[in-house]
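Chemist: First the structure, then my questions, so here it is.
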4 protein chains.
Amino acid sequence: MSGGDIAGQWWLGVDIGGTRTKLGVVDPEGDVRRTQVIETTHEPFGTIWERLLGYADEVLATEGAVGLRGIGIAAPGIVESGFGVRNLPGKVHGIEDFPLRARLEERFGVPVRCVNDGAAATLAEWRFGAARGHQDVVGLTLGTGVGAGVVIGGRLLVSRHLGAGISFGHATIETGGRTCLCGNIGCAETLVSANAVVGRMRDAVARKVPSSITARYEQDPGAITFQALIDGMETGDRVATEIMAAFQRDLGATIVTAIHAYDPELVVLAGGPMAAAGYFVPQVQAYVDSYAFRFPKDRIVPIIRAQRSDHAGVLGAVALVMQATDEAVTVGGAA
Amino acid sequence: MSGGDIAGQWWLGVDIGGTRTKLGVVDPEGDVRRTQVIETTHEPFGTIWERLLGYADEVLATEGAVGLRGIGIAAPGIVESGFGVRNLPGKVHGIEDFPLRARLEERFGVPVRCVNDGAAATLAEWRFGAARGHQDVVGLTLGTGVGAGVVIGGRLLVSRHLGAGISFGHATIETGGRTCLCGNIGCAETLVSANAVVGRMRDAVARKVPSSITARYEQDPGAITFQALIDGMETGDRVATEIMAAFQRDLGATIVTAIHAYDPELVVLAGGPMAAAGYFVPQVQAYVDSYAFRFPKDRIVPIIRAQRSDHAGVLGAVALVMQATDEAVTVGGAA
Amino acid sequence: MSGGDIAGQWWLGVDIGGTRTKLGVVDPEGDVRRTQVIETTHEPFGTIWERLLGYADEVLATEGAVGLRGIGIAAPGIVESGFGVRNLPGKVHGIEDFPLRARLEERFGVPVRCVNDGAAATLAEWRFGAARGHQDVVGLTLGTGVGAGVVIGGRLLVSRHLGAGISFGHATIETGGRTCLCGNIGCAETLVSANAVVGRMRDAVARKVPSSITARYEQDPGAITFQALIDGMETGDRVATEIMAAFQRDLGATIVTAIHAYDPELVVLAGGPMAAAGYFVPQVQAYVDSYAFRFPKDRIVPIIRAQRSDHAGVLGAVALVMQATDEAVTVGGAA
Amino acid sequence: MSGGDIAGQWWLGVDIGGTRTKLGVVDPEGDVRRTQVIETTHEPFGTIWERLLGYADEVLATEGAVGLRGIGIAAPGIVESGFGVRNLPGKVHGIEDFPLRARLEERFGVPVRCVNDGAAATLAEWRFGAARGHQDVVGLTLGTGVGAGVVIGGRLLVSRHLGAGISFGHATIETGGRTCLCGNIGCAETLVSANAVVGRMRDAVARKVPSSITARYEQDPGAITFQALIDGMETGDRVATEIMAAFQRDLGATIVTAIHAYDPELVVLAGGPMAAAGYFVPQVQAYVDSYAFRFPKDRIVPIIRAQRSDHAGVLGAVALVMQATDEAVTVGGAA
């Protein structure tokens, strides 16, 4: 890392989502000193962009422009590090092909990098969280779908067409399985996303299988959540118990595939279900210990809980631009 | 690439197998000028090593030591580029932890690199064969098992524990499927290796399903091969037709998973079944076109036949050491 | 059939359901001359019984007691022909072990028989509907679950423990499949009941698979019905098309199992989905023609639509008591 | 049963197989007093018939024609009780449509009945063996395929087209499973016949999964039998253990389906694997106890071992003709 007064340095992280965008001021150690959330539902990106600049100016005024070292942008969809969002169907109108990096570098005069939000979650853990000190990391976020990011050799895995690593949630785990929103069948996402678990519960409810979940659903259809699964298990509910067993096995199989594809030193899990990690991570670890081939033989691939989920997008994007800066400085220093 | 008299340059490639080891003299364009095969079944590696050195000396005498630019070694199992074979259970006694690279560099005074044979097959295609000019390539070899290698950003994918890419044949494609020799269940290898196809035929024979395959088997158990499947299809045999349909679908699902994991520009297939590529590659391509998510949307990920399978190990190992030399030269030139 | 003035003869059929009970006056040809429905939700059976007797008296007064030849009772659950309902968990409090036949015979002085409602549906078709003239018939009713009844050799299949035929909806069609409300896994009912189809749609909605069904659901969760599936198919919706394809295949497999278990001359389907029979029966017939083993080889096992679904319980129960009377008369005549 | 000197009565049972035909003299209690086996491989039925008559004459001479009460014939394929074999593709040339009953009744002047061999096995147990005293029985014979027979209400289940009960081995247990020799997919027979188990072992051997079975196979391909599975389990072999676990589960699912289809009081298993019944019947019973729906709730459906397998065909065929005689006598007595 470069010399100079590290104390005054800061980075701006921006996490663009479908319904809200978050800005965060990040210090060199990954502490998020302040955040700002912009509700953006249904707004075209042009409007969001103006509001974003406004907030950035405000932050700059407060934090001092002189300390700003870089800006990182996280967003869903296909994101090109040196450009911006390339593909994000239907979520934020007008963001595709907007030259985010060029516009921001022009305006703020610091390095800018963009990154897919699933990849950002992994980078956040790798630089500031549960995977610090490791060079090979797979991160999975269990949410609406399954976000993914892969770090190998201390660098984010990136392919020319930008899909490597981030599309891993669509690995086929179950041939002949159910159709995924991506159009493929039997994706990990159809089995282990938080929504997939809810889907299984709704199916059981529709078929009137006796269950505390059904009773709960009849009172409030919105009550069928991952938490309802945990509550059901605690009362010994059979449907809940069986859906959880399937989730454990399928998440195990997904992680085994990740290990056989990327060979990480550890796997970091994030997302809503991790609030109840104690109910399934030990079983998933046991599955992985049984079924994952690895070398050396006695090596365990730990499955651990993400530590920086609160600011995953902000921190991951900042981690990426920090790494770019570090390397530029190193090369510069060698000159 | 460095200057100098390129015409006189050559590389030595060595492909160590379970039953035979092959040496090849490779010119800068990937032409294999001469090869030598050593039958090595059940020999301890110490013996193989001595014979290897003997042949290498011979080759050196003929080709001229002055032109030798590097040595590449391909081997099955877990292989460390800068060391040698780290794990190869039961195949070649004594090869594990033998410092191949150090010994060879010491003796021949040129750069040496080692690589897994599945990875070598991909490197051979990437530098000298069907994938030339691409930077993101997945190669799969359908044989006893499913060999694999991944090039991303023009470099072989390598993890600290050496399993990335080469273990992809053990991705779980079928949750709850059959046990693989690796100990996992539902691996791609249990479905799309040449042996897996033979296994399905043997199962049908054992169950006495009426089939030309059964008739053939009764005459000669050794006749149940991938070719027997093709012959069966040609005569309209139902068992053959259905096993082929399952193979096409499962290979499609395996490649979709490879695309979702690594996002290659193309996929190169090698191995015995590719002699009958016309019987299944078009159907696999159609499956992939239907089910693989990719960006940009109209991009096809071509599934193509390997061109350098005859010398895959030799050429892939040489490709790796060539790349190391190229880069050293480049850095040297910058000095 | 006995002689006498057939014109004045009539039978009383009673169809006891979870939420309503229906009485019907049936003439010798199976015409239902008049019906009466009693809403019975949550009422104990004691109350229903009193109301039932009241209505029966009314009917008797109108129709003329002299013409009454028998009473048939259909009910869900385990039903014993010569007794009444033996097991009906949670649906109608107090009906289990109520001696329906004895009490009714005592009161009305005519033969009484009781029968499971799924079996009644088959008997109704066999005597008065689509299966008239056949001696081996399987009937399936696709509803909340899958009702079933089997006629072999012109008689309802009945076992000592009363489960034969009527439990066929719980045949395991999919090993390792989903849990059924009966406690078994992979039952036909988990795949081809109307509710199972709805469950699949709800699962897809929960996983946010793009679909016209999802849009519809967001407006009205109650709109996810079998009809919604048909509507979706008509607009080319992919989710609807795929769920329909799975339904066709699974219903085909269920019927093949029924044929391999009971070898009927034809299969009669009833239930809500049959309103859209044209969307799936031809495909199911094709599946059955391909996969069902039968003798003679060129025999087709037609899958046909029930004709008497409006009064299935009433008519089937009457068919059973009619058969008992016929036989008694025949024996009497022989004396 | 009729009066008269029961001590001198006897029945002739004939069990026609693909490679041998067996005759047996049966006394009223089901003791087989003497047997004769005719090797018949590849002989046309005309020849077999002549030899059969020759042996029958011999037996008659020895036992005394006056005591002969009836003749029962068991054969594979589609068999019509009052006629003979209707369909037996490829096994015994010329047997189809030979009027066995008529010819034998003409010649010997006693009642004759014919029956499928799987059905005979069930009848043998019902009248003389493990199922004596029960009226609802399912019998399954695990061999090359899965033979089946069903007794309900104390009578063999028979349909107009002759397939009821005997085709149960082709119930679809695994949708999307493997093709059976009958042309259907996922039949019980593809999973739980002795041959299906061998097929799974051969598949594992072909895929080179490390196993004591593979070692054994390499020495002798014919050594891959159900017994090899048991031997493998005893030594802790993983492949053997997993194939056995799958067999237990699939046999459990098959029996659950039989229970849900026919509701027997007990299930009788026969066939080669039953020599090792202790290795799987307890687990199958546990599966059935967990998953079979039955009434009354606390009723166990015992899975028991056949006692009369040595003479299953002979005894079952005799049981059928005995029942016919009993009934004729009863009716006659009532006259």
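Each chain in the structure tokens gets a letter, A, B, ..., in the order shown, and its residues are numbered from 1; ligands are numbered from 1 in order too.
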Can you check which residues of chain A have any atom within 9 Å of chain C? Use only C-alpha atoms and format it as a PyMOL selection string.
Modeler: chain A and resi 144-145+178-183+189-190+193-210+221+239+242
Chemist: Atoms to include: C-alpha atoms. Write the selected residues as a short mmCIF file (atom, residue, chain, number, x, y, z; two decimals), in the first residue's frame.
Modeler:
```cif
data_model
loop_
_atom_site.label_atom_id
_atom_site.label_comp_id
_atom_site.auth_asym_id
_atom_site.auth_seq_id
_atom_site.Cartn_x
_atom_site.Cartn_y
_atom_site.Cartn_z
CA THR A 144 -34.31 -14.02 -4.11
CA GLY A 145 -31.82 -15.98 -6.14
CA ARG A 178 -37.53 -27.29 -12.22
CA THR A 179 -37.29 -24.34 -14.56
CA CYS A 180 -35.35 -21.38 -13.22
CA LEU A 181 -36.04 -17.75 -13.95
CA CYS A 182 -32.86 -17.82 -16.07
CA GLY A 183 -34.46 -20.35 -18.39
CA GLU A 189 -31.06 -21.30 -7.43
CA THR A 190 -34.20 -23.41 -7.91
CA SER A 193 -32.36 -19.67 -2.74
CA ALA A 194 -34.50 -18.34 0.08
CA ASN A 195 -37.32 -18.08 -2.44
CA ALA A 196 -36.93 -21.70 -3.50
CA VAL A 197 -37.45 -22.76 0.08
CA VAL A 198 -40.55 -20.60 0.28
CA GLY A 199 -41.73 -22.17 -2.98
CA ARG A 200 -41.48 -25.61 -1.45
CA MET A 201 -43.50 -24.49 1.53
CA ARG A 202 -46.17 -22.96 -0.69
CA ASP A 203 -46.37 -26.14 -2.70
CA ALA A 204 -46.97 -28.17 0.48
CA VAL A 205 -49.58 -25.66 1.61
CA ALA A 206 -51.35 -25.88 -1.77
CA ARG A 207 -51.44 -29.67 -1.46
CA LYS A 208 -52.89 -29.36 2.05
CA VAL A 209 -50.18 -31.42 3.71
CA PRO A 210 -50.92 -31.14 7.45
CA PRO A 221 -50.02 -15.76 3.14
CA VAL A 239 -43.18 -30.62 6.46
CA GLU A 242 -38.37 -32.41 5.47
#
```
Chemist: Using only C-alpha atoms, which residues sit within 12 Å of Val256 of chain A once same-chain residues fewer than 6 positions away are excluded, as a PyMOL selection string?
Modeler: (chain A and resi 138+171+173+188+249-250+262-264+266-267+284-294+301-303) or (chain B and resi 167-173+175+182-187)
Chemist: Neighbours of segment 275-283 of chain A within 10 Å (only C-alpha atoms; same-chain residues fewer than 3 positions away dropped), as a PyMOL selection string?
Modeler: chain A and resi 226-227+230+233-234+244-245+247-249+251-252+269-272+286-289+303-305
Chemist: Hey, which bits of segment 85-181 of chain D sit within 9 Å of segment 307-316 of chain D, and for each residue what's the closest pair of atoms and how far apart in Å (one decimal), counting only C-alpha atoms, rows by chain and increasing number, as a tab-separated table?
Modeler:
```
residue	atom	partner	partner_atom	distance
D:Val115	CA	D:Gly316	CA	8.1
D:Asn116	CA	D:Gly313	CA	8.5
D:Asp117	CA	D:Gly313	CA	5.6
D:Gly118	CA	D:Gly313	CA	8.0
D:Ala119	CA	D:Gly316	CA	7.4
D:Ala120	CA	D:Gly316	CA	3.9
D:Ala121	CA	D:Ala312	CA	4.7
D:Thr122	CA	D:Gly316	CA	6.9
D:Leu123	CA	D:Gly316	CA	4.7
D:Ala124	CA	D:Gly316	CA	4.0
D:Glu125	CA	D:Arg308	CA	6.4
D:Trp126	CA	D:Gly316	CA	8.6
D:Arg127	CA	D:Gly316	CA	8.0
D:Phe128	CA	D:Arg308	CA	7.5
D:Gly129	CA	D:Gln307	CA	5.4
D:Ala130	CA	D:Gln307	CA	5.7
```
Chemist: How would the residues just picked look written out with N, CA and C atoms as a compact mmCIF listing (two decimals), in the first residue's frame?
Modeler:
```
# COMPACT_ATOMS: atom_id res chain seq x y z
N VAL D 115 -52.45 -71.09 -14.91
CA VAL D 115 -52.21 -69.84 -14.18
C VAL D 115 -50.79 -69.34 -14.44
N ASN D 116 -50.66 -68.03 -14.46
CA ASN D 116 -49.33 -67.40 -14.58
C ASN D 116 -48.44 -67.81 -13.41
N ASP D 117 -47.16 -67.96 -13.64
CA ASP D 117 -46.29 -68.49 -12.58
C ASP D 117 -46.13 -67.55 -11.39
N GLY D 118 -46.15 -66.23 -11.64
CA GLY D 118 -46.08 -65.28 -10.52
C GLY D 118 -47.33 -65.38 -9.66
N ALA D 119 -48.47 -65.53 -10.32
CA ALA D 119 -49.72 -65.71 -9.58
C ALA D 119 -49.70 -67.04 -8.83
N ALA D 120 -49.14 -68.07 -9.46
CA ALA D 120 -49.06 -69.37 -8.82
C ALA D 120 -48.27 -69.29 -7.51
N ALA D 121 -47.17 -68.53 -7.55
CA ALA D 121 -46.35 -68.40 -6.34
C ALA D 121 -47.17 -67.83 -5.19
N THR D 122 -48.03 -66.87 -5.50
CA THR D 122 -48.88 -66.29 -4.46
C THR D 122 -49.92 -67.29 -3.99
N LEU D 123 -50.53 -67.99 -4.92
CA LEU D 123 -51.54 -68.99 -4.55
C LEU D 123 -50.93 -70.10 -3.69
N ALA D 124 -49.70 -70.50 -4.02
CA ALA D 124 -49.03 -71.54 -3.24
C ALA D 124 -48.88 -71.11 -1.78
N GLU D 125 -48.49 -69.85 -1.59
CA GLU D 125 -48.32 -69.36 -0.21
C GLU D 125 -49.65 -69.19 0.49
N TRP D 126 -50.65 -68.77 -0.29
CA TRP D 126 -51.97 -68.51 0.28
C TRP D 126 -52.63 -69.82 0.75
N ARG D 127 -52.49 -70.86 -0.04
CA ARG D 127 -53.17 -72.11 0.33
C ARG D 127 -52.31 -73.03 1.20
N PHE D 128 -51.00 -73.01 0.93
CA PHE D 128 -50.15 -74.01 1.59
C PHE D 128 -48.98 -73.43 2.36
N GLY D 129 -48.80 -72.13 2.35
CA GLY D 129 -47.56 -71.61 2.89
C GLY D 129 -47.73 -70.47 3.87
N ALA D 130 -46.93 -69.45 3.67
CA ALA D 130 -46.78 -68.37 4.64
C ALA D 130 -48.03 -67.53 4.81
```
Chemist: Can you pull out every residue within 12 Å of Met322 of chain B, counting only C-alpha atoms, but drop anything in the same chain fewer than 6 positions away, and send it as an mmCIF file with N, CA, C and O atoms, in the first residue's frame?
Modeler:
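As a result, selection_1.cif now contains:
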```
data_model
loop_
_atom_site.group_PDB
_atom_site.id
_atom_site.type_symbol
_atom_site.label_atom_id
_atom_site.label_comp_id
_atom_site.auth_asym_id
_atom_site.auth_seq_id
_atom_site.Cartn_x
_atom_site.Cartn_y
_atom_site.Cartn_z
ATOM 1 N N MET B 1 7.180 -12.655 -27.994
ATOM 2 C CA MET B 1 8.143 -13.763 -28.055
ATOM 3 C C MET B 1 9.533 -13.225 -28.332
ATOM 4 O O MET B 1 9.709 -12.177 -28.983
ATOM 5 N N SER B 2 10.518 -13.924 -27.825
ATOM 6 C CA SER B 2 11.887 -13.435 -27.958
ATOM 7 C C SER B 2 12.325 -13.501 -29.408
ATOM 8 O O SER B 2 11.751 -14.218 -30.229
ATOM 9 N N GLN B 9 14.562 -23.587 -32.464
ATOM 10 C CA GLN B 9 14.054 -23.788 -31.115
ATOM 11 C C GLN B 9 13.175 -25.021 -31.031
ATOM 12 O O GLN B 9 12.393 -25.288 -31.937
ATOM 13 N N TRP B 10 13.208 -25.718 -29.901
ATOM 14 C CA TRP B 10 12.291 -26.835 -29.673
ATOM 15 C C TRP B 10 12.038 -27.035 -28.195
ATOM 16 O O TRP B 10 12.775 -26.549 -27.337
ATOM 17 N N TRP B 11 10.956 -27.701 -27.937
ATOM 18 C CA TRP B 11 10.561 -27.973 -26.561
ATOM 19 C C TRP B 11 10.345 -29.478 -26.388
ATOM 20 O O TRP B 11 9.995 -30.162 -27.356
ATOM 21 N N LEU B 12 10.553 -29.937 -25.184
ATOM 22 C CA LEU B 12 10.304 -31.354 -24.907
ATOM 23 C C LEU B 12 9.031 -31.475 -24.068
ATOM 24 O O LEU B 12 8.911 -30.816 -23.021
ATOM 25 N N GLY B 13 8.124 -32.252 -24.565
ATOM 26 C CA GLY B 13 6.902 -32.510 -23.805
ATOM 27 C C GLY B 13 6.874 -33.959 -23.342
ATOM 28 O O GLY B 13 7.249 -34.859 -24.091
ATOM 29 N N VAL B 26 8.599 -30.761 -29.743
ATOM 30 C CA VAL B 26 7.601 -29.819 -30.241
ATOM 31 C C VAL B 26 8.294 -28.573 -30.757
ATOM 32 O O VAL B 26 9.183 -28.022 -30.102
ATOM 33 N N ASP B 27 7.888 -28.139 -31.941
ATOM 34 C CA ASP B 27 8.485 -26.900 -32.472
ATOM 35 C C ASP B 27 7.623 -25.711 -32.080
ATOM 36 O O ASP B 27 6.553 -25.878 -31.481
ATOM 37 N N PRO B 28 8.051 -24.504 -32.385
ATOM 38 C CA PRO B 28 7.337 -23.320 -31.880
ATOM 39 C C PRO B 28 5.875 -23.236 -32.325
ATOM 40 O O PRO B 28 5.050 -22.618 -31.658
ATOM 41 N N GLU B 29 5.564 -23.868 -33.430
ATOM 42 C CA GLU B 29 4.187 -23.787 -33.929
ATOM 43 C C GLU B 29 3.319 -24.939 -33.424
ATOM 44 O O GLU B 29 2.182 -25.084 -33.854
ATOM 45 N N GLY B 30 3.894 -25.773 -32.575
ATOM 46 C CA GLY B 30 3.099 -26.881 -32.043
ATOM 47 C C GLY B 30 3.140 -28.128 -32.912
ATOM 48 O O GLY B 30 2.338 -29.040 -32.713
ATOM 49 N N LEU B 68 16.905 -26.372 -27.236
ATOM 50 C CA LEU B 68 15.901 -26.718 -26.223
ATOM 51 C C LEU B 68 15.531 -25.488 -25.391
ATOM 52 O O LEU B 68 16.391 -24.855 -24.777
ATOM 53 N N ARG B 69 14.256 -25.162 -25.401
ATOM 54 C CA ARG B 69 13.818 -23.942 -24.712
ATOM 55 C C ARG B 69 13.066 -24.239 -23.421
ATOM 56 O O ARG B 69 12.900 -23.348 -22.578
ATOM 57 N N GLY B 70 12.613 -25.456 -23.286
ATOM 58 C CA GLY B 70 11.854 -25.750 -22.065
ATOM 59 C C GLY B 70 11.316 -27.157 -22.101
ATOM 60 O O GLY B 70 11.286 -27.801 -23.155
ATOM 61 N N ILE B 71 10.895 -27.639 -20.926
ATOM 62 C CA ILE B 71 10.322 -28.982 -20.810
ATOM 63 C C ILE B 71 8.988 -28.879 -20.081
ATOM 64 O O ILE B 71 8.882 -28.207 -19.043
ATOM 65 N N GLY B 72 8.009 -29.526 -20.656
ATOM 66 C CA GLY B 72 6.687 -29.566 -20.010
ATOM 67 C C GLY B 72 6.323 -30.999 -19.666
ATOM 68 O O GLY B 72 6.574 -31.916 -20.441
ATOM 69 N N VAL B 110 16.945 -25.719 -18.434
ATOM 70 C CA VAL B 110 15.885 -24.929 -19.089
ATOM 71 C C VAL B 110 14.659 -24.899 -18.191
ATOM 72 O O VAL B 110 14.529 -25.729 -17.293
ATOM 73 N N PRO B 111 13.735 -23.958 -18.465
ATOM 74 C CA PRO B 111 12.523 -23.902 -17.640
ATOM 75 C C PRO B 111 11.683 -25.178 -17.760
ATOM 76 O O PRO B 111 11.584 -25.733 -18.857
ATOM 77 N N VAL B 112 11.127 -25.595 -16.653
ATOM 78 C CA VAL B 112 10.273 -26.783 -16.619
ATOM 79 C C VAL B 112 8.955 -26.424 -15.924
ATOM 80 O O VAL B 112 8.954 -25.698 -14.943
ATOM 81 N N ARG B 113 7.851 -26.937 -16.481
ATOM 82 C CA ARG B 113 6.554 -26.775 -15.814
ATOM 83 C C ARG B 113 5.805 -28.092 -15.860
ATOM 84 O O ARG B 113 5.936 -28.859 -16.816
ATOM 85 N N CYS B 114 4.990 -28.327 -14.835
ATOM 86 C CA CYS B 114 4.211 -29.553 -14.749
ATOM 87 C C CYS B 114 2.720 -29.195 -14.749
ATOM 88 O O CYS B 114 2.341 -28.123 -14.265
ATOM 89 N N LEU B 123 -4.980 -26.714 -22.583
ATOM 90 C CA LEU B 123 -3.900 -25.810 -23.010
ATOM 91 C C LEU B 123 -3.451 -26.121 -24.439
ATOM 92 O O LEU B 123 -3.138 -25.208 -25.218
ATOM 93 N N ALA B 124 -3.424 -27.406 -24.779
ATOM 94 C CA ALA B 124 -3.021 -27.801 -26.133
ATOM 95 C C ALA B 124 -3.961 -27.194 -27.170
ATOM 96 O O ALA B 124 -3.522 -26.672 -28.209
ATOM 97 N N ARG B 127 -3.544 -23.186 -27.229
ATOM 98 C CA ARG B 127 -2.375 -22.615 -27.896
ATOM 99 C C ARG B 127 -2.181 -23.128 -29.327
ATOM 100 O O ARG B 127 -1.711 -22.397 -30.198
ATOM 101 N N PHE B 128 -2.540 -24.386 -29.549
ATOM 102 C CA PHE B 128 -2.191 -24.988 -30.846
ATOM 103 C C PHE B 128 -3.372 -25.574 -31.608
ATOM 104 O O PHE B 128 -3.186 -26.130 -32.689
ATOM 105 N N LEU B 315 1.618 -31.562 -25.849
ATOM 106 C CA LEU B 315 1.450 -30.186 -26.331
ATOM 107 C C LEU B 315 0.977 -29.244 -25.237
ATOM 108 O O LEU B 315 1.390 -28.076 -25.176
ATOM 109 N N GLY B 316 0.078 -29.732 -24.372
ATOM 110 C CA GLY B 316 -0.427 -28.872 -23.310
ATOM 111 C C GLY B 316 0.676 -28.518 -22.326
ATOM 112 O O GLY B 316 0.786 -27.365 -21.882
ATOM 113 N N ALA B 328 8.594 -14.454 -19.102
ATOM 114 C CA ALA B 328 9.906 -14.115 -18.565
ATOM 115 C C ALA B 328 10.653 -13.236 -19.557
ATOM 116 O O ALA B 328 11.243 -12.218 -19.196
ATOM 117 N N VAL B 329 10.577 -13.626 -20.829
ATOM 118 C CA VAL B 329 11.251 -12.865 -21.874
ATOM 119 C C VAL B 329 10.712 -11.447 -21.943
ATOM 120 O O VAL B 329 11.441 -10.467 -22.006
#
```
Chemist: State, in Å with one decimal place, the distance from atom CA of Thr325 of chain D to atom CA of Gly64 of chain D.
Modeler: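 Distance between the two atoms: 19.1 Å.
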Chemist: Mind checking DSSP for segment 198-286 of chain A and telling me the strand (DSSP E) residues as a PyMOL selection string?
Modeler: chain A and resi 266-271
Chemist: If you measure from atom CA of Ile152 of chain D to atom CA of Ile166 of chain C, what distance in Å do you get, rounded to one decimal?
Modeler: 14.2 Å
